[in-house]
$ cat input-v9.pdb   # PDB, C-alpha atoms
ATOM      1  CA  MET A  23     135.582 134.884   1.162
ATOM      2  CA  GLU A  24     131.888 135.621   0.651
ATOM      3  CA  ASN A  25     131.752 137.811   3.758
ATOM      4  CA  PHE A  26     134.829 139.649   2.528
ATOM      5  CA  THR A  27     133.536 140.373  -0.965
ATOM      6  CA  ASN A  28     130.051 141.204   0.326
ATOM      7  CA  PRO A  29     130.696 142.970   3.647
ATOM      8  CA  PRO A  30     127.599 143.213   5.873
ATOM      9  CA  TYR A  31     128.712 146.677   7.045
ATOM     10  CA  PHE A  32     130.457 149.722   5.629
ATOM     11  CA  TYR A  33     132.731 151.919   7.709
ATOM     12  CA  LEU A  34     132.373 155.699   7.228
ATOM     13  CA  THR A  35     135.904 156.947   7.860
ATOM     14  CA  MET A  36     135.509 160.734   7.558
ATOM     15  CA  PHE A  37     133.965 161.292  10.981
ATOM     16  CA  VAL A  38     136.577 163.357  12.814
ATOM     17  CA  ASN A  39     137.189 162.556  16.485
ATOM     18  CA  ILE A  40     136.050 165.740  18.274
ATOM     19  CA  GLY A  41     135.641 164.254  21.758
ATOM     20  CA  ASN A  42     132.956 165.828  23.924
ATOM     21  CA  TYR A  43     132.358 168.508  21.282
ATOM     22  CA  ARG A  44     130.292 165.937  19.441
ATOM     23  CA  TYR A  45     127.366 166.667  21.789
ATOM     24  CA  LEU A  46     127.476 170.360  20.924
ATOM     25  CA  THR A  47     127.826 169.445  17.243
ATOM     26  CA  PHE A  48     124.833 167.112  17.559
ATOM     27  CA  ILE A  49     122.679 169.880  19.089
ATOM     28  CA  LEU A  50     123.715 172.398  16.421
ATOM     29  CA  CYS A  51     123.025 169.931  13.598
ATOM     30  CA  LEU A  52     119.689 168.961  15.171
ATOM     31  CA  LEU A  53     118.691 172.652  15.319
ATOM     32  CA  LEU A  54     119.830 173.070  11.720
ATOM     33  CA  TYR A  55     117.720 170.108  10.644
ATOM     34  CA  ALA A  56     114.738 171.509  12.563
ATOM     35  CA  PHE A  57     115.199 174.803  10.696
ATOM     36  CA  ILE A  58     115.379 172.993   7.335
ATOM     37  CA  ILE A  59     112.142 171.134   8.096
ATOM     38  CA  SER A  60     110.364 174.267   9.356
ATOM     39  CA  ALA A  61     111.476 176.559   6.522
ATOM     40  CA  ASN A  62     110.577 174.102   3.772
ATOM     41  CA  LEU A  63     107.281 173.144   5.423
ATOM     42  CA  VAL A  64     106.308 176.828   5.561
ATOM     43  CA  ILE A  65     106.854 177.103   1.797
ATOM     44  CA  VAL A  66     104.837 173.916   1.152
ATOM     45  CA  VAL A  67     101.949 174.932   3.446
ATOM     46  CA  VAL A  68     101.739 178.512   2.156
ATOM     47  CA  ILE A  69     101.690 177.483  -1.511
ATOM     48  CA  SER A  70      99.241 174.627  -0.968
ATOM     49  CA  ARG A  71      96.834 176.802   1.081
ATOM     50  CA  GLU A  72      96.871 180.008  -0.960
ATOM     51  CA  LYS A  73      94.824 179.692  -4.156
ATOM     52  CA  ALA A  74      96.554 182.776  -5.561
ATOM     53  CA  LEU A  75      99.796 180.745  -5.586
ATOM     54  CA  HIS A  76      98.348 177.785  -7.479
ATOM     55  CA  GLU A  77     100.359 178.681 -10.566
ATOM     56  CA  PRO A  78     103.067 176.607 -12.308
ATOM     57  CA  MET A  79     106.017 178.618 -10.981
ATOM     58  CA  TYR A  80     104.886 178.252  -7.357
ATOM     59  CA  ILE A  81     103.961 174.593  -7.806
ATOM     60  CA  PHE A  82     107.541 173.938  -8.956
ATOM     61  CA  ILE A  83     108.877 175.847  -5.928
ATOM     62  CA  MET A  84     106.700 173.713  -3.640
ATOM     63  CA  CYS A  85     108.091 170.557  -5.280
ATOM     64  CA  LEU A  86     111.607 171.884  -4.688
ATOM     65  CA  SER A  87     110.827 172.253  -0.964
ATOM     66  CA  ILE A  88     109.282 168.767  -0.800
ATOM     67  CA  ASN A  89     112.465 167.424  -2.394
ATOM     68  CA  SER A  90     114.547 169.252   0.224
ATOM     69  CA  LEU A  91     112.542 167.534   2.975
ATOM     70  CA  TYR A  92     113.084 164.181   1.255
ATOM     71  CA  GLY A  93     116.832 164.612   0.740
ATOM     72  CA  SER A  94     117.541 166.029   4.199
ATOM     73  CA  ALA A  95     115.654 163.126   5.825
ATOM     74  CA  GLY A  96     117.780 160.638   3.892
ATOM     75  CA  PHE A  97     120.922 162.271   5.268
ATOM     76  CA  PHE A  98     120.215 163.694   8.722
ATOM     77  CA  PHE A  99     118.596 160.676  10.396
ATOM     78  CA  ARG A 100     121.751 158.615   9.945
ATOM     79  CA  PHE A 101     124.183 161.531  10.344
ATOM     80  CA  LEU A 102     122.770 162.615  13.720
ATOM     81  CA  ARG A 103     123.015 159.048  14.980
ATOM     82  CA  ASP A 104     126.608 158.729  13.803
ATOM     83  CA  LEU A 105     127.600 161.953  15.572
ATOM     84  CA  LEU A 106     126.859 160.322  18.935
ATOM     85  CA  SER A 107     128.265 156.924  17.994
ATOM     86  CA  ASP A 108     131.802 155.688  18.639
ATOM     87  CA  THR A 109     131.677 153.276  15.711
ATOM     88  CA  HIS A 110     130.495 154.610  12.372
ATOM     89  CA  LEU A 111     129.343 151.357  10.816
ATOM     90  CA  ILE A 112     126.324 151.331   8.518
ATOM     91  CA  PRO A 113     124.600 148.107   7.379
ATOM     92  CA  ARG A 114     125.016 147.239   3.725
ATOM     93  CA  LEU A 115     121.289 147.579   2.934
ATOM     94  CA  ALA A 116     121.017 150.898   4.823
ATOM     95  CA  CYS A 117     124.044 152.199   2.933
ATOM     96  CA  PHE A 118     122.541 151.492  -0.488
ATOM     97  CA  ILE A 119     119.181 152.927   0.602
ATOM     98  CA  GLN A 120     120.973 156.118   1.653
ATOM     99  CA  VAL A 121     122.816 156.224  -1.688
ATOM    100  CA  TYR A 122     119.507 155.884  -3.508
ATOM    101  CA  VAL A 123     117.709 158.573  -1.467
ATOM    102  CA  ILE A 124     120.526 161.133  -1.621
ATOM    103  CA  TYR A 125     121.202 160.693  -5.327
ATOM    104  CA  THR A 126     117.537 160.717  -6.342
ATOM    105  CA  TYR A 127     117.229 163.914  -4.271
ATOM    106  CA  ALA A 128     120.150 165.387  -6.216
ATOM    107  CA  SER A 129     118.644 164.324  -9.547
ATOM    108  CA  TYR A 130     115.197 165.680  -8.641
ATOM    109  CA  GLU A 131     116.814 169.007  -7.774
ATOM    110  CA  LEU A 132     118.395 169.304 -11.204
ATOM    111  CA  THR A 133     115.346 168.162 -13.174
ATOM    112  CA  LEU A 134     113.128 170.553 -11.209
ATOM    113  CA  LEU A 135     115.530 173.442 -11.825
ATOM    114  CA  SER A 136     115.414 172.602 -15.555
ATOM    115  CA  ILE A 137     111.601 172.678 -15.552
ATOM    116  CA  MET A 138     111.616 175.997 -13.700
ATOM    117  CA  ALA A 139     114.073 177.408 -16.234
ATOM    118  CA  TYR A 140     111.768 176.299 -19.064
ATOM    119  CA  ASP A 141     108.808 177.911 -17.294
ATOM    120  CA  ARG A 142     110.670 181.247 -16.987
ATOM    121  CA  TYR A 143     111.885 180.965 -20.606
ATOM    122  CA  VAL A 144     108.347 180.579 -21.976
ATOM    123  CA  ALA A 145     106.970 183.298 -19.670
ATOM    124  CA  ILE A 146     109.600 185.847 -20.748
ATOM    125  CA  CYS A 147     110.506 184.890 -24.313
ATOM    126  CA  GLN A 148     107.110 183.595 -25.475
ATOM    127  CA  PRO A 149     104.571 185.334 -23.205
ATOM    128  CA  LEU A 150     101.680 185.040 -25.701
ATOM    129  CA  HIS A 151     102.067 181.250 -25.774
ATOM    130  CA  TYR A 152     102.604 180.788 -22.020
ATOM    131  CA  HIS A 153      99.048 179.724 -21.095
ATOM    132  CA  SER A 154      98.819 177.378 -24.084
ATOM    133  CA  LYS A 155     102.192 175.713 -23.405
ATOM    134  CA  ILE A 156     102.296 175.687 -19.588
ATOM    135  CA  THR A 157      98.911 174.132 -18.879
ATOM    136  CA  GLY A 158      97.844 172.006 -15.925
ATOM    137  CA  LYS A 159      98.398 168.834 -17.965
ATOM    138  CA  SER A 160     101.819 169.917 -19.182
ATOM    139  CA  VAL A 161     102.859 170.760 -15.595
ATOM    140  CA  LEU A 162     101.844 167.255 -14.460
ATOM    141  CA  LYS A 163     103.703 165.673 -17.385
ATOM    142  CA  LEU A 164     106.854 167.678 -16.676
ATOM    143  CA  LEU A 165     106.755 166.807 -12.977
ATOM    144  CA  ALA A 166     106.101 163.143 -13.767
ATOM    145  CA  PHE A 167     109.130 163.022 -16.073
ATOM    146  CA  ALA A 168     111.244 164.902 -13.522
ATOM    147  CA  CYS A 169     110.421 162.235 -10.927
ATOM    148  CA  ILE A 170     110.243 159.022 -12.968
ATOM    149  CA  TYR A 171     113.557 159.268 -14.838
ATOM    150  CA  PRO A 172     115.751 159.688 -11.693
ATOM    151  CA  VAL A 173     113.863 156.854  -9.965
ATOM    152  CA  PHE A 174     114.927 154.326 -12.606
ATOM    153  CA  SER A 175     118.317 155.759 -13.605
ATOM    154  CA  ILE A 176     119.622 155.954 -10.024
ATOM    155  CA  ALA A 177     118.117 152.528  -9.276
ATOM    156  CA  VAL A 178     120.222 151.022 -12.099
ATOM    157  CA  CYS A 179     123.399 152.631 -10.712
ATOM    158  CA  VAL A 180     122.711 151.413  -7.173
ATOM    159  CA  TYR A 181     121.803 147.917  -8.371
ATOM    160  CA  LEU A 182     125.036 147.578 -10.364
ATOM    161  CA  ALA A 183     127.084 148.832  -7.399
ATOM    162  CA  SER A 184     125.357 146.424  -5.009
ATOM    163  CA  ARG A 185     126.384 143.414  -7.169
ATOM    164  CA  LEU A 186     130.108 144.228  -7.182
ATOM    165  CA  PRO A 187     132.468 142.023  -5.126
ATOM    166  CA  LEU A 188     134.300 144.408  -2.799
ATOM    167  CA  CYS A 189     137.873 144.257  -1.474
ATOM    168  CA  ASP A 190     137.268 146.683   1.381
ATOM    169  CA  ASN A 191     134.419 148.230   3.365
ATOM    170  CA  LYS A 192     135.854 151.693   4.150
ATOM    171  CA  ILE A 193     134.005 154.655   2.619
ATOM    172  CA  PRO A 194     135.889 157.979   3.034
ATOM    173  CA  ARG A 195     132.724 160.062   3.465
ATOM    174  CA  VAL A 196     130.217 161.007   6.190
ATOM    175  CA  PHE A 197     127.451 159.371   4.149
ATOM    176  CA  CYS A 198     127.285 156.540   1.620
ATOM    177  CA  ALA A 199     128.138 157.599  -1.929
ATOM    178  CA  ASN A 200     127.762 155.402  -5.002
ATOM    179  CA  TRP A 201     131.156 156.102  -6.567
ATOM    180  CA  SER A 202     132.894 155.551  -3.214
ATOM    181  CA  VAL A 203     131.388 152.044  -3.109
ATOM    182  CA  VAL A 204     132.290 151.318  -6.735
ATOM    183  CA  LYS A 205     135.944 152.222  -6.065
ATOM    184  CA  LEU A 206     136.083 149.382  -3.491
ATOM    185  CA  SER A 207     135.428 146.799  -6.213
ATOM    186  CA  CYS A 208     137.781 143.844  -6.662
ATOM    187  CA  VAL A 209     136.877 143.527 -10.355
ATOM    188  CA  PRO A 210     136.844 145.945 -13.313
ATOM    189  CA  THR A 211     133.904 148.362 -13.225
ATOM    190  CA  LYS A 212     133.532 149.249 -16.914
ATOM    191  CA  ILE A 213     129.746 148.729 -16.934
ATOM    192  CA  ASN A 214     129.343 150.829 -13.778
ATOM    193  CA  ASP A 215     131.547 153.540 -15.280
ATOM    194  CA  LEU A 216     129.579 153.568 -18.550
ATOM    195  CA  VAL A 217     126.162 153.619 -16.867
ATOM    196  CA  GLY A 218     127.385 156.217 -14.373
ATOM    197  CA  MET A 219     128.624 158.424 -17.214
ATOM    198  CA  ILE A 220     125.298 158.140 -19.072
ATOM    199  CA  VAL A 221     123.310 158.931 -15.921
ATOM    200  CA  SER A 222     125.638 161.835 -15.044
ATOM    201  CA  VAL A 223     125.284 163.325 -18.528
ATOM    202  CA  THR A 224     121.480 162.975 -18.606
ATOM    203  CA  THR A 225     120.756 164.015 -15.015
ATOM    204  CA  VAL A 226     123.527 166.550 -14.371
ATOM    205  CA  PHE A 227     125.189 168.009 -17.452
ATOM    206  CA  LEU A 228     122.178 168.148 -19.798
ATOM    207  CA  PRO A 229     119.950 169.912 -17.204
ATOM    208  CA  LEU A 230     122.759 172.361 -16.408
ATOM    209  CA  ALA A 231     123.343 173.034 -20.109
ATOM    210  CA  PHE A 232     119.604 173.499 -20.670
ATOM    211  CA  VAL A 233     119.357 176.039 -17.826
ATOM    212  CA  LEU A 234     122.305 177.985 -19.237
ATOM    213  CA  TYR A 235     120.715 177.883 -22.712
ATOM    214  CA  THR A 236     117.372 179.255 -21.478
ATOM    215  CA  TYR A 237     119.009 182.067 -19.534
ATOM    216  CA  ALA A 238     121.178 183.002 -22.494
ATOM    217  CA  HIS A 239     117.957 183.541 -24.481
ATOM    218  CA  ILE A 240     116.379 185.472 -21.601
ATOM    219  CA  PHE A 241     119.479 187.685 -21.409
ATOM    220  CA  LEU A 242     119.311 188.410 -25.159
ATOM    221  CA  ILE A 243     115.628 189.348 -24.864
ATOM    222  CA  CYS A 244     116.310 191.660 -21.920
ATOM    223  CA  ARG A 245     119.031 193.553 -23.774
ATOM    224  CA  LYS A 246     116.450 195.018 -26.145
ATOM    225  CA  ARG A 247     113.765 195.852 -23.606
ATOM    226  CA  SER A 248     113.044 198.664 -21.142
ATOM    227  CA  LEU A 249     114.474 199.038 -17.639
ATOM    228  CA  GLU A 250     111.059 198.269 -16.155
ATOM    229  CA  PHE A 251     110.900 194.993 -18.075
ATOM    230  CA  LYS A 252     114.449 194.096 -16.978
ATOM    231  CA  SER A 253     113.524 194.836 -13.360
ATOM    232  CA  LYS A 254     110.519 192.483 -13.516
ATOM    233  CA  VAL A 255     112.624 189.761 -15.138
ATOM    234  CA  ILE A 256     115.319 190.060 -12.473
ATOM    235  CA  GLN A 257     112.707 189.923  -9.705
ATOM    236  CA  SER A 258     111.203 186.808 -11.254
ATOM    237  CA  CYS A 259     114.421 184.997 -12.170
ATOM    238  CA  LEU A 260     116.887 185.990  -9.447
ATOM    239  CA  PRO A 261     115.773 183.331  -6.906
ATOM    240  CA  HIS A 262     116.095 180.633  -9.555
ATOM    241  CA  ILE A 263     119.526 181.914 -10.644
ATOM    242  CA  ILE A 264     120.755 181.935  -7.019
ATOM    243  CA  THR A 265     119.434 178.405  -6.488
ATOM    244  CA  PHE A 266     120.954 177.206  -9.753
ATOM    245  CA  VAL A 267     124.408 178.705  -9.070
ATOM    246  CA  ASN A 268     124.381 177.443  -5.478
ATOM    247  CA  TYR A 269     123.440 173.922  -6.512
ATOM    248  CA  SER A 270     125.946 173.865  -9.386
ATOM    249  CA  ILE A 271     128.718 174.631  -6.887
ATOM    250  CA  THR A 272     127.593 171.869  -4.511
ATOM    251  CA  VAL A 273     127.380 169.334  -7.371
ATOM    252  CA  PHE A 274     130.872 170.315  -8.531
ATOM    253  CA  CYS A 275     132.200 169.827  -4.981
ATOM    254  CA  ASP A 276     130.592 166.390  -4.706
ATOM    255  CA  VAL A 277     131.931 165.278  -8.108
ATOM    256  CA  ALA A 278     135.401 166.538  -7.141
ATOM    257  CA  LEU A 279     135.245 164.670  -3.828
ATOM    258  CA  SER A 280     134.325 161.457  -5.635
ATOM    259  CA  ARG A 281     137.361 161.681  -7.920
ATOM    260  CA  ILE A 282     140.135 162.648  -5.463
ATOM    261  CA  ASN A 283     141.769 160.819  -2.576
ATOM    262  CA  LEU A 284     140.088 162.364   0.461
ATOM    263  CA  GLU A 285     142.734 161.023   2.822
ATOM    264  CA  GLU A 286     145.260 163.421   1.260
ATOM    265  CA  ILE A 287     143.333 166.606   2.161
ATOM    266  CA  ASN A 288     142.418 168.193   5.486
ATOM    267  CA  PRO A 289     139.716 166.009   7.123
ATOM    268  CA  PHE A 290     137.716 169.030   8.320
ATOM    269  CA  LEU A 291     137.696 170.449   4.772
ATOM    270  CA  ALA A 292     136.596 167.077   3.374
ATOM    271  CA  VAL A 293     133.732 166.889   5.896
ATOM    272  CA  ILE A 294     132.606 170.457   5.152
ATOM    273  CA  LEU A 295     132.595 169.830   1.395
ATOM    274  CA  SER A 296     130.649 166.596   1.915
ATOM    275  CA  LEU A 297     128.059 168.319   4.087
ATOM    276  CA  GLU A 298     127.655 171.171   1.606
ATOM    277  CA  PHE A 299     126.134 168.815  -0.976
ATOM    278  CA  VAL A 300     123.206 167.786   1.248
ATOM    279  CA  MET A 301     122.878 170.783   3.570
ATOM    280  CA  ILE A 302     123.360 174.063   1.719
ATOM    281  CA  PRO A 303     120.635 173.701  -0.975
ATOM    282  CA  THR A 304     118.028 172.601   1.591
ATOM    283  CA  ILE A 305     118.793 175.725   3.653
ATOM    284  CA  VAL A 306     119.198 178.242   0.826
ATOM    285  CA  ASN A 307     116.143 177.278  -1.278
ATOM    286  CA  PRO A 308     113.369 178.211   1.211
ATOM    287  CA  LEU A 309     115.220 181.375   2.260
ATOM    288  CA  VAL A 310     115.690 182.529  -1.328
ATOM    289  CA  TYR A 311     112.132 181.821  -2.457
ATOM    290  CA  GLY A 312     110.524 182.880   0.805
ATOM    291  CA  LEU A 313     112.329 186.211   1.006
ATOM    292  CA  LYS A 314     112.897 187.148  -2.644
ATOM    293  CA  LEU A 315     109.503 186.421  -4.213
ATOM    294  CA  PRO A 316     107.042 189.069  -2.958
ATOM    295  CA  ASP A 317     103.923 186.923  -3.406
ATOM    296  CA  ILE A 318     105.265 184.129  -1.200
ATOM    297  CA  ARG A 319     106.740 186.587   1.289
ATOM    298  CA  LYS A 320     103.435 188.431   1.576
ATOM    299  CA  CYS A 321     101.515 185.178   2.171
ATOM    300  CA  ILE A 322     104.028 184.032   4.819
ATOM    301  CA  PHE A 323     103.751 187.335   6.723
ATOM    302  CA  SER A 324      99.966 187.238   6.351
ATOM    303  CA  MET A 325      99.803 183.703   7.749
ATOM    304  CA  LEU A 326     102.089 184.609  10.669
ATOM    305  CA  SER A 327     100.125 187.764  11.484
ATOM    306  CA  CYS A 328      96.844 185.813  11.406
ATOM    307  CA  GLY A 329      98.348 183.291  13.793
ATOM    308  CA  LYS A 330      99.359 186.043  16.208
ATOM    309  CA  PHE A 331      95.913 187.642  15.968
ATOM    310  CA  ASP A 332      94.202 184.310  16.701
ATOM    311  CA  ARG A 333      96.377 183.743  19.779
ATOM    312  CA  GLN A 334      95.734 187.242  21.069
ATOM    313  CA  SER A 335      91.966 186.900  20.581
ATOM    314  CA  LYS A 336      91.992 183.721  22.633
TER     315      LYS A 336
END

$ encode --input "input-v9.pdb" --output "structure tokens"
Amino acid sequence: MENFTNPPYFYLTMFVNIGNYRYLTFILCLLLYAFIISANLVIVVVISREKALHEPMYIFIMCLSINSLYGSAGFFFRFLRDLLSDTHLIPRLACFIQVYVIYTYASYELTLLSIMAYDRYVAICQPLHYHSKITGKSVLKLLAFACIYPVFSIAVCVYLASRLPLCDNKIPRVFCANWSVVKLSCVPTKINDLVGMIVSVTTVFLPLAFVLYTYAHIFLICRKRSLEFKSKVIQSCLPHIITFVNYSITVFCDVALSRINLEEINPFLAVILSLEFVMIPTIVNPLVYGLKLPDIRKCIFSMLSCGKFDRQSK
């Protein structure tokens, strides 16, 4: 009975049998992961090397790219292995580690987007107070809070889920998800539900509401200003808005997947929606910030041109 209620393995059931196409899928996903690593590393290296980019807004963007590297590693290492495997079993400990990594990645993304929204709000709505409010110390404090709270809140959720006696070991996803494990419980999960609701409100809904609040104020300020001012605001805020909207959609899809019976919908659609949560933001973020913000774009092109010049001189 102990082995039944505490299964040593979980079975990921949403891997669709695609026969020999799995090798092509593996290569495509490996190339995609290589692109995610390269694109985010370029953002991190450019911002860390260029002193002109050592400003709060760019530091937050660099942290966003570091988080993308962290979250994609927590997903792709196991996913690529499972693509080539005939049995999609994941050890219990590895499953909960993956839950922790993926959900802390998701929480970091939201807390970082909230900090970036606050940074843009102060810069646009309170420009005279920007350098007194967004100091080096305040940036470190904001980043520390953005990292520390998800570490402990997600740890509590994972710990509570790991202690539940389970009646099954089948997880209808392509990666381990906390709510999917909780639904396998043989006993009532009121404490898990309550803690999960508190964590969801504080790490998902409050950050989203705060971002909407800051942009509502920015919009009201822009209504009364010149076209030139509006153009500068759009140039500064558009990448963040795109990232925020994109991530809100992926979070909504993941929450929806956790609440519905995935076996009742098309398996390919379920897989695509599952992959969107961990793939799309890590791809979109470096493209948006690398191409839309002129300072970063200029530094990237400058670094690439210097590299070509050095090779030619050799």

$ closest_residue --input "input-v9.pdb" --among "A:Val226, A:Cys275, A:Ile263, A:Leu115" --to "Ser296 of chain A" --atoms "only C-alpha atoms"
A:Cys275

$ residues_around --input "input-v9.pdb" --residues "Glu72 of chain A" --least-positions-apart "3" --cutoff "12 Å" --atoms "all atoms listed in the file" --output "PyMOL selection string"
chain A and resi 64-69+75-77+80-81+84+317-318+320-322+324-325

$ residues_around --input "input-v9.pdb" --residues "segment 127-131 of chain A" --least-positions-apart "6" --cutoff "9 Å" --atoms "all atoms listed in the file" --output "PDB file with C-alpha atoms, in the coordinates of the input"
ATOM      1  CA  LEU A  86     111.607 171.884  -4.688  1.00  0.00           C
ATOM      2  CA  ASN A  89     112.465 167.424  -2.394  1.00  0.00           C
ATOM      3  CA  SER A  90     114.547 169.252   0.224  1.00  0.00           C
ATOM      4  CA  TYR A  92     113.084 164.181   1.255  1.00  0.00           C
ATOM      5  CA  GLY A  93     116.832 164.612   0.740  1.00  0.00           C
ATOM      6  CA  SER A  94     117.541 166.029   4.199  1.00  0.00           C
ATOM      7  CA  GLY A  96     117.780 160.638   3.892  1.00  0.00           C
ATOM      8  CA  ALA A 168     111.244 164.902 -13.522  1.00  0.00           C
ATOM      9  CA  CYS A 169     110.421 162.235 -10.927  1.00  0.00           C
ATOM     10  CA  TYR A 171     113.557 159.268 -14.838  1.00  0.00           C
ATOM     11  CA  PRO A 172     115.751 159.688 -11.693  1.00  0.00           C
ATOM     12  CA  VAL A 173     113.863 156.854  -9.965  1.00  0.00           C
ATOM     13  CA  ILE A 176     119.622 155.954 -10.024  1.00  0.00           C
ATOM     14  CA  THR A 225     120.756 164.015 -15.015  1.00  0.00           C
ATOM     15  CA  VAL A 226     123.527 166.550 -14.371  1.00  0.00           C
ATOM     16  CA  TYR A 269     123.440 173.922  -6.512  1.00  0.00           C
ATOM     17  CA  VAL A 273     127.380 169.334  -7.371  1.00  0.00           C
ATOM     18  CA  PHE A 299     126.134 168.815  -0.976  1.00  0.00           C
ATOM     19  CA  VAL A 300     123.206 167.786   1.248  1.00  0.00           C
TER      20      VAL A 300
END

$ resolve_selection --input "input-v9.pdb" --expression "the PyMOL selection byres ((chain A and resi 230) around 10)" --output "ChimeraX atom specification"
/A:132-133,135-136,223-229,231-235,266-267,270

$ closest_residue --input "input-v9.pdb" --among "A:Leu295, A:Met79, A:Ile302, A:Leu91" --to "Val144 of chain A" --atoms "all atoms listed in the file"
A:Met79

$ atom_distance --input "input-v9.pdb" --atom1 "atom CA of Ala177 of chain A" --atom2 "atom CA of Leu165 of chain A"
18.6 Å

$ residues_around --input "input-v9.pdb" --residues "segment 210-215 of chain A" --least-positions-apart "2" --cutoff "10 Å" --atoms "all atoms listed in the file" --output "MDAnalysis selection string"
chainID A and resid 178:183 186 201 204:205 207:208 217:221

$ resolve_selection --input "input-v9.pdb" --expression "the PyMOL selection byres ((chain A and resi 243) around 12)" --output "MDAnalysis selection string"
chainID A and resid 143:149 236:242 244:248 251:252 255

$ residues_around --input "input-v9.pdb" --residues "Leu52 of chain A" --least-positions-apart "4" --cutoff "10 Å" --atoms "only C-alpha atoms" --output "number ranges by chain"
A: 46-48, 56-58, 98-99, 101-102

$ build_atoms --input "input-v9.pdb" --residues "segment 222-234 of chain A" --atoms "N, CA, C and O atoms" --output "mmCIF file, in the frame of the given file"
data_model
loop_
_atom_site.group_PDB
_atom_site.id
_atom_site.type_symbol
_atom_site.label_atom_id
_atom_site.label_comp_id
_atom_site.auth_asym_id
_atom_site.auth_seq_id
_atom_site.Cartn_x
_atom_site.Cartn_y
_atom_site.Cartn_z
ATOM 1 N N SER A 222 125.096 160.512 -15.384
ATOM 2 C CA SER A 222 125.638 161.835 -15.044
ATOM 3 C C SER A 222 125.345 162.846 -16.144
ATOM 4 O O SER A 222 124.958 163.987 -15.871
ATOM 5 N N VAL A 223 125.535 162.421 -17.401
ATOM 6 C CA VAL A 223 125.284 163.325 -18.528
ATOM 7 C C VAL A 223 123.811 163.713 -18.598
ATOM 8 O O VAL A 223 123.460 164.886 -18.772
ATOM 9 N N THR A 224 122.918 162.721 -18.434
ATOM 10 C CA THR A 224 121.480 162.975 -18.606
ATOM 11 C C THR A 224 120.840 163.658 -17.404
ATOM 12 O O THR A 224 119.857 164.382 -17.564
ATOM 13 N N THR A 225 121.384 163.434 -16.210
ATOM 14 C CA THR A 225 120.756 164.015 -15.015
ATOM 15 C C THR A 225 121.504 165.214 -14.448
ATOM 16 O O THR A 225 120.958 165.931 -13.614
ATOM 17 N N VAL A 226 122.743 165.420 -14.898
ATOM 18 C CA VAL A 226 123.527 166.550 -14.371
ATOM 19 C C VAL A 226 123.873 167.535 -15.485
ATOM 20 O O VAL A 226 123.445 168.695 -15.468
ATOM 21 N N PHE A 227 124.645 167.087 -16.466
ATOM 22 C CA PHE A 227 125.189 168.009 -17.452
ATOM 23 C C PHE A 227 124.132 168.526 -18.437
ATOM 24 O O PHE A 227 124.147 169.711 -18.796
ATOM 25 N N LEU A 228 123.228 167.671 -18.893
ATOM 26 C CA LEU A 228 122.178 168.148 -19.798
ATOM 27 C C LEU A 228 121.252 169.159 -19.118
ATOM 28 O O LEU A 228 120.958 170.209 -19.696
ATOM 29 N N PRO A 229 120.760 168.893 -17.883
ATOM 30 C CA PRO A 229 119.950 169.912 -17.204
ATOM 31 C C PRO A 229 120.698 171.224 -16.991
ATOM 32 O O PRO A 229 120.131 172.307 -17.192
ATOM 33 N N LEU A 230 121.977 171.138 -16.611
ATOM 34 C CA LEU A 230 122.759 172.361 -16.408
ATOM 35 C C LEU A 230 122.924 173.120 -17.722
ATOM 36 O O LEU A 230 122.799 174.356 -17.755
ATOM 37 N N ALA A 231 123.200 172.389 -18.799
ATOM 38 C CA ALA A 231 123.343 173.034 -20.109
ATOM 39 C C ALA A 231 122.029 173.661 -20.552
ATOM 40 O O ALA A 231 122.013 174.762 -21.121
ATOM 41 N N PHE A 232 120.916 172.976 -20.277
ATOM 42 C CA PHE A 232 119.604 173.499 -20.670
ATOM 43 C C PHE A 232 119.286 174.791 -19.915
ATOM 44 O O PHE A 232 118.774 175.754 -20.507
ATOM 45 N N VAL A 233 119.602 174.822 -18.621
ATOM 46 C CA VAL A 233 119.357 176.039 -17.826
ATOM 47 C C VAL A 233 120.185 177.199 -18.365
ATOM 48 O O VAL A 233 119.695 178.326 -18.521
ATOM 49 N N LEU A 234 121.449 176.934 -18.677
ATOM 50 C CA LEU A 234 122.305 177.985 -19.237
ATOM 51 C C LEU A 234 121.772 178.467 -20.586
ATOM 52 O O LEU A 234 121.801 179.667 -20.888
#
